[in-house]
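Student: Sending over a structure as structure tokens; questions will come in a sec.
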Amino acid sequence: MKLFGREINPGSLARLLKNPFSKEPPIGIDITNEFILAVEIAPMKNQPDQLELLRMAHVRTPENAVRDGEIVDPSRVAAQIKSLLSEHGFKSRKVITAVSGQAAIIRPRIKFPAIPRKELKEVVLHDAERYIPFPIQDVYIDFEVTGTVEEEGMSKYDVLLVTAQKQLIDTYLETFAQAELELVAVDVASFAVMRALSPVVEEEAEVNDDQLNVLILIRGETTDLNVIQNGAPLFSRSIPLGSSTFIETIASNMGLEFEEAVSIFERLEIPVIGDETFEDPMVERAAEEVRFLLKDLTNEIQKSIEYFHQSQQDYTRIQQLVLSDRGAKIKRLDQYFSHQLGIDVEIADPIKHLYFDPDVFSQAELRAQATLFATAIGLARRGIAGN
């Protein structure tokens, strides 16, 4: 099958959109309007079923070079990528990247007849325009069968449909070509994070067929929400409010330069019960300025969860929410969401199943930055056979 025009091997959704590049594992490069993040991972020589984190680095994205998921200035982004990889000694010249937010349209659980796969591909491509807001000739299309169900007395496939505009994907192709890198695959950021959080060996996973989780990626200009079960997305939504929105609100409402607002955002703490004390008055004021923004985000998450339960009544209640990417670094945000939504909330830990050399990486620094790199880690893991 193809993912956005690039050949990949078919497989179960538990290994969604994976590709064996074991001879030269590609670098996972995640590009948002805020950061360019790069990760290089490889199997350990003496334990090939164990993955080792080799390199991990990031740099600020050139100002106004990425907007709404599209690289509008490939030359500046390419130059920044080349500098980042050279400075930190990345070896591979192959790359896997991701799109997120409204750049990727995800339609899970579309029903199609259980027919041979070659025929299914023709049917999916023929019917795809019913599910996407763009002309079929203007998009790259990928799909994956996620299960089989009995409906109306016949067997049907549950199909996950993913599309992205060709114009947008072409900006990534141009950027990596200018950076003298080979783009071997394009993924979806939320799928990459799912992979980053899964065990290296599938048998290690504690499988609970009934458990539902919500994966929340707060990054750049959007927050991506996915209801997942055993690694399969059941419901997806992109909320046009992300970590950049928080920074812009702090800068505007407090009359600060952008860099000052970024510095405060990095120290931002969210009051949970309302009587917390703050040592830094600027952080306290910033928390007050983003209060209504945070309330809007919480309401949108709540509405999405309620909509899922109303439209999918055959599923159990959601047990857990997992926060990822830059927004997950906001202090006490997990406690705030748990208090407001009434469910367990955890911060994504994408390095849990990775080995790293403590002489190369500071464990404290690595854990502090890990969730920021969740997408890039998942992308790098995709490039290794069996992951």
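FYI, nothing fancy with the structure tokens labels: chains A, B, ... in order, residues from 1 per chain, ligands from 1 as they appear.
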Check the DSSP output for the backbone and give back, as a PyMOL selection string, the residues of segment 144-355 of chain A in strand (DSSP E).
Tutor: chain A and resi 144-151+154-165+182-188+213-219+222-229+232-239+320-324+344-347+354-355
Student: Quick one: residues within 8 Å of segment 33-46 of chain A, only C-alpha atoms, excluding same-chain residues fewer than 2 positions away - as a PyMOL selection string?
Tutor: chain A and resi 25-31+48-61+63-67+69+81+85+90+220-221+244+373+376-377+380-381+384
Student: Mind the document's chain letters and residue numbers, and return as a count of residues only the residues of segment 131-337 of chain A that DSSP labels alpha helix (DSSP H).
Tutor: 77
Student: For segment 160-251 of chain A against segment 316-334 of chain A, with a cut-off of 7 Å and counting only C-alpha atoms, what is the closest atom pair and its distance in Å to one decimal for every residue that makes the cut, ordered by chain and number, as a Markdown table?
Tutor:
```
| residue | atom | partner | partner_atom | distance |
| --- | --- | --- | --- | --- |
| A:Asp210 | CA | A:Thr316 | CA | 6.6 |
| A:Gln211 | CA | A:Gln319 | CA | 6.7 |
| A:Leu212 | CA | A:Ile318 | CA | 4.8 |
| A:Asn213 | CA | A:Gln320 | CA | 4.9 |
| A:Val214 | CA | A:Leu321 | CA | 4.6 |
| A:Leu215 | CA | A:Val322 | CA | 4.9 |
| A:Ile216 | CA | A:Leu323 | CA | 4.9 |
| A:Leu217 | CA | A:Ser324 | CA | 4.8 |
| A:Ile218 | CA | A:Gly327 | CA | 4.7 |
| A:Arg219 | CA | A:Arg326 | CA | 5.5 |
| A:Ser243 | CA | A:Gly327 | CA | 5.4 |
```
Student: Can you tell me how far atom CA of Ala286 of chain A sits from atom CA of Phe337 of chain A, in Å to one decimal?
Tutor: 18.1 Å
Student: Find the residues near Ile106 of chain A: any atom within 8 Å, counting only C-alpha atoms, skip ones fewer than 6 places away on the same chain, and give them as a list in words.
Tutor: Leu160, Leu161, Val162, Thr163 and Ser236 of chain A
Student: Once you have the residues from the selection above, write them out as an mmCIF file, in the first residue's frame, restricted to N, CA and C atoms.
Tutor:
```
data_model
loop_
_atom_site.group_PDB
_atom_site.id
_atom_site.type_symbol
_atom_site.label_atom_id
_atom_site.label_comp_id
_atom_site.auth_asym_id
_atom_site.auth_seq_id
_atom_site.Cartn_x
_atom_site.Cartn_y
_atom_site.Cartn_z
ATOM 1 N N LEU A 160 -9.638 2.434 8.104
ATOM 2 C CA LEU A 160 -9.104 3.732 8.505
ATOM 3 C C LEU A 160 -8.610 4.439 7.242
ATOM 4 N N LEU A 161 -9.161 5.608 6.970
ATOM 5 C CA LEU A 161 -8.795 6.379 5.787
ATOM 6 C C LEU A 161 -7.999 7.609 6.211
ATOM 7 N N VAL A 162 -6.858 7.829 5.577
ATOM 8 C CA VAL A 162 -6.019 8.986 5.876
ATOM 9 C C VAL A 162 -5.713 9.703 4.568
ATOM 10 N N THR A 163 -5.913 11.025 4.555
ATOM 11 C CA THR A 163 -5.594 11.801 3.354
ATOM 12 C C THR A 163 -4.841 13.069 3.744
ATOM 13 N N SER A 236 -11.007 10.705 15.801
ATOM 14 C CA SER A 236 -9.942 11.705 15.710
ATOM 15 C C SER A 236 -10.542 13.080 15.492
#
```
Student: So that I can check the surroundings of Ala128 of chain A, please list as a list in words every protein, DNA and RNA residue that reaches within 12 Å of it, counting only C-alpha atoms and ignoring chain neighbours fewer than 3 positions away.
Tutor: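 Near Ala128 of chain A, the qualifying residues are Ile105, Ile106, Arg107, Ile110, Lys111, Phe112, Leu120, Lys121, Glu122, Val123, Val124, Leu125, Tyr131, Ile132, Pro133, Phe134, Pro135, Ile136, Gln137, Val139, Tyr140, Ile141, Asp142, Phe143, Val159, Leu160, Leu161, Val162 and Thr163 of chain A.
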Student: Mind writing the picked residues with C-alpha atoms as a PDB file, in the first residue's frame?
Tutor:
```
ATOM      1  CA  ILE A 105      -7.672  14.144   7.558  1.00  0.00           C
ATOM      2  CA  ILE A 106      -8.329  10.931   9.483  1.00  0.00           C
ATOM      3  CA  ARG A 107     -11.552   8.986   9.015  1.00  0.00           C
ATOM      4  CA  ILE A 110     -15.542   3.483   7.556  1.00  0.00           C
ATOM      5  CA  LYS A 111     -17.422   0.342   6.496  1.00  0.00           C
ATOM      6  CA  PHE A 112     -16.576  -1.378   3.211  1.00  0.00           C
ATOM      7  CA  LEU A 120     -11.026  -3.067  -1.942  1.00  0.00           C
ATOM      8  CA  LYS A 121      -8.381  -0.558  -2.970  1.00  0.00           C
ATOM      9  CA  GLU A 122     -10.388   0.381  -6.052  1.00  0.00           C
ATOM     10  CA  VAL A 123     -13.571   0.741  -4.006  1.00  0.00           C
ATOM     11  CA  VAL A 124     -11.883   2.861  -1.321  1.00  0.00           C
ATOM     12  CA  LEU A 125     -10.311   5.182  -3.889  1.00  0.00           C
ATOM     13  CA  TYR A 131     -15.314  11.447   3.210  1.00  0.00           C
ATOM     14  CA  ILE A 132     -12.880  14.272   2.433  1.00  0.00           C
ATOM     15  CA  PRO A 133     -13.439  17.984   1.712  1.00  0.00           C
ATOM     16  CA  PHE A 134     -11.055  18.131  -1.275  1.00  0.00           C
ATOM     17  CA  PRO A 135     -11.136  16.913  -4.883  1.00  0.00           C
ATOM     18  CA  ILE A 136      -9.692  13.413  -5.076  1.00  0.00           C
ATOM     19  CA  GLN A 137      -7.022  14.465  -7.583  1.00  0.00           C
ATOM     20  CA  VAL A 139      -4.837  14.568  -2.257  1.00  0.00           C
ATOM     21  CA  TYR A 140      -2.670  11.601  -1.367  1.00  0.00           C
ATOM     22  CA  ILE A 141      -4.737   8.756   0.081  1.00  0.00           C
ATOM     23  CA  ASP A 142      -3.845   5.854   2.346  1.00  0.00           C
ATOM     24  CA  PHE A 143      -6.039   3.297   4.076  1.00  0.00           C
ATOM     25  CA  VAL A 159     -11.288   0.880   7.289  1.00  0.00           C
ATOM     26  CA  LEU A 160      -9.104   3.732   8.505  1.00  0.00           C
ATOM     27  CA  LEU A 161      -8.795   6.379   5.787  1.00  0.00           C
ATOM     28  CA  VAL A 162      -6.019   8.986   5.876  1.00  0.00           C
ATOM     29  CA  THR A 163      -5.594  11.801   3.354  1.00  0.00           C
TER      30      THR A 163
END
```
Student: Per residue of segment 105-196 of chain A within 12 Å of segment 340-355 of chain A, which atom pair is closest and at what distance in Å (one decimal), using only C-alpha atoms, listed by chain and increasing number, as JSON lines?
Tutor:
```
{"residue": "A:Ser190", "atom": "CA", "partner": "A:Ala348", "partner_atom": "CA", "distance": 12.0}
{"residue": "A:Ala192", "atom": "CA", "partner": "A:Pro350", "partner_atom": "CA", "distance": 10.4}
{"residue": "A:Val193", "atom": "CA", "partner": "A:Pro350", "partner_atom": "CA", "distance": 7.7}
{"residue": "A:Met194", "atom": "CA", "partner": "A:Pro350", "partner_atom": "CA", "distance": 9.2}
{"residue": "A:Arg195", "atom": "CA", "partner": "A:Pro350", "partner_atom": "CA", "distance": 8.8}
{"residue": "A:Ala196", "atom": "CA", "partner": "A:Pro350", "partner_atom": "CA", "distance": 5.1}
```
Student: Restrict the selected residues to N, CA and C atoms and save them as a PDB file, in the first residue's frame.
Tutor:
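As written to disk, again_34.pdb reads:
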```pdb
ATOM      1  N   SER A 190       0.020  11.753  15.363  1.00  0.00           N
ATOM      2  CA  SER A 190      -0.610  10.993  16.444  1.00  0.00           C
ATOM      3  C   SER A 190      -0.312   9.504  16.328  1.00  0.00           C
ATOM      4  N   ALA A 192       2.464   8.295  15.094  1.00  0.00           N
ATOM      5  CA  ALA A 192       3.855   8.180  15.519  1.00  0.00           C
ATOM      6  C   ALA A 192       3.960   8.135  17.036  1.00  0.00           C
ATOM      7  N   VAL A 193       3.183   8.958  17.720  1.00  0.00           N
ATOM      8  CA  VAL A 193       3.210   8.960  19.185  1.00  0.00           C
ATOM      9  C   VAL A 193       2.696   7.631  19.729  1.00  0.00           C
ATOM     10  N   MET A 194       1.634   7.080  19.120  1.00  0.00           N
ATOM     11  CA  MET A 194       1.148   5.761  19.548  1.00  0.00           C
ATOM     12  C   MET A 194       2.273   4.746  19.489  1.00  0.00           C
ATOM     13  N   ARG A 195       3.056   4.799  18.423  1.00  0.00           N
ATOM     14  CA  ARG A 195       4.173   3.861  18.278  1.00  0.00           C
ATOM     15  C   ARG A 195       5.265   4.129  19.306  1.00  0.00           C
ATOM     16  N   ALA A 196       5.525   5.393  19.580  1.00  0.00           N
ATOM     17  CA  ALA A 196       6.562   5.753  20.550  1.00  0.00           C
ATOM     18  C   ALA A 196       6.228   5.241  21.946  1.00  0.00           C
TER      19      ALA A 196
END
```
Student: Just checking: using only C-alpha atoms, which residue out of A:Asp127, A:Asp314, A:Glu248, A:Glu306 ends up closest to Glu260 of chain A?
Tutor: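 The closest residue to Glu260 of chain A is A:Glu248.
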Student: Under the rule that only C-alpha atoms are counted, which of A:Gly378, A:Pro240, A:Gly383, A:Pro74 is the nearest residue to Phe191 of chain A?
Tutor: A:Gly378
Student: Between atom CA of Leu197 of chain A and atom CA of Ala374 of chain A, what distance in Å does the model show, to one decimal?
Tutor: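 For atom CA of Leu197 of chain A relative to atom CA of Ala374 of chain A, the distance reads 8.1 Å.
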Student: Can you list, as a tab-separated table (two decimals) with N, CA and C atoms, in the first residue's frame, every protein, DNA or RNA residue that comes within 9 Å of Leu183 of chain A when you count only C-alpha atoms, leaving out same-chain residues fewer than 6 positions away?
Tutor:
```
chain	number	residue	atom	x	y	z
A	26	PRO	N	16.11	5.37	9.21
A	26	PRO	CA	15.99	6.81	8.94
A	26	PRO	C	15.93	7.63	10.22
A	93	ARG	N	21.01	9.51	5.95
A	93	ARG	CA	20.54	10.51	4.99
A	93	ARG	C	19.09	10.26	4.61
A	94	LYS	N	18.46	9.28	5.26
A	94	LYS	CA	17.05	8.99	5.03
A	94	LYS	C	16.23	9.58	6.17
A	95	VAL	N	15.01	9.97	5.85
A	95	VAL	CA	14.17	10.69	6.82
A	95	VAL	C	12.73	10.20	6.76
A	96	ILE	N	12.09	10.12	7.92
A	96	ILE	CA	10.64	9.97	8.01
A	96	ILE	C	10.12	11.20	8.74
A	97	THR	N	9.06	11.79	8.22
A	97	THR	CA	8.48	12.97	8.87
A	97	THR	C	6.99	12.76	9.09
A	172	TYR	N	7.08	19.34	1.87
A	172	TYR	CA	8.02	18.53	2.65
A	172	TYR	C	9.04	17.86	1.72
A	173	LEU	N	8.56	17.36	0.60
A	173	LEU	CA	9.46	16.75	-0.37
A	173	LEU	C	10.51	17.76	-0.84
A	176	PHE	N	13.14	18.56	2.11
A	176	PHE	CA	14.16	17.55	2.37
A	176	PHE	C	15.09	17.37	1.17
A	177	ALA	N	14.58	17.60	-0.02
A	177	ALA	CA	15.46	17.55	-1.20
A	177	ALA	C	16.51	18.66	-1.11
```
Student: Quick one: pull the distance between atom CA of Gly231 of chain A and atom CA of Glu151 of chain A, Å, one decimal.
Tutor: 23.4 Å
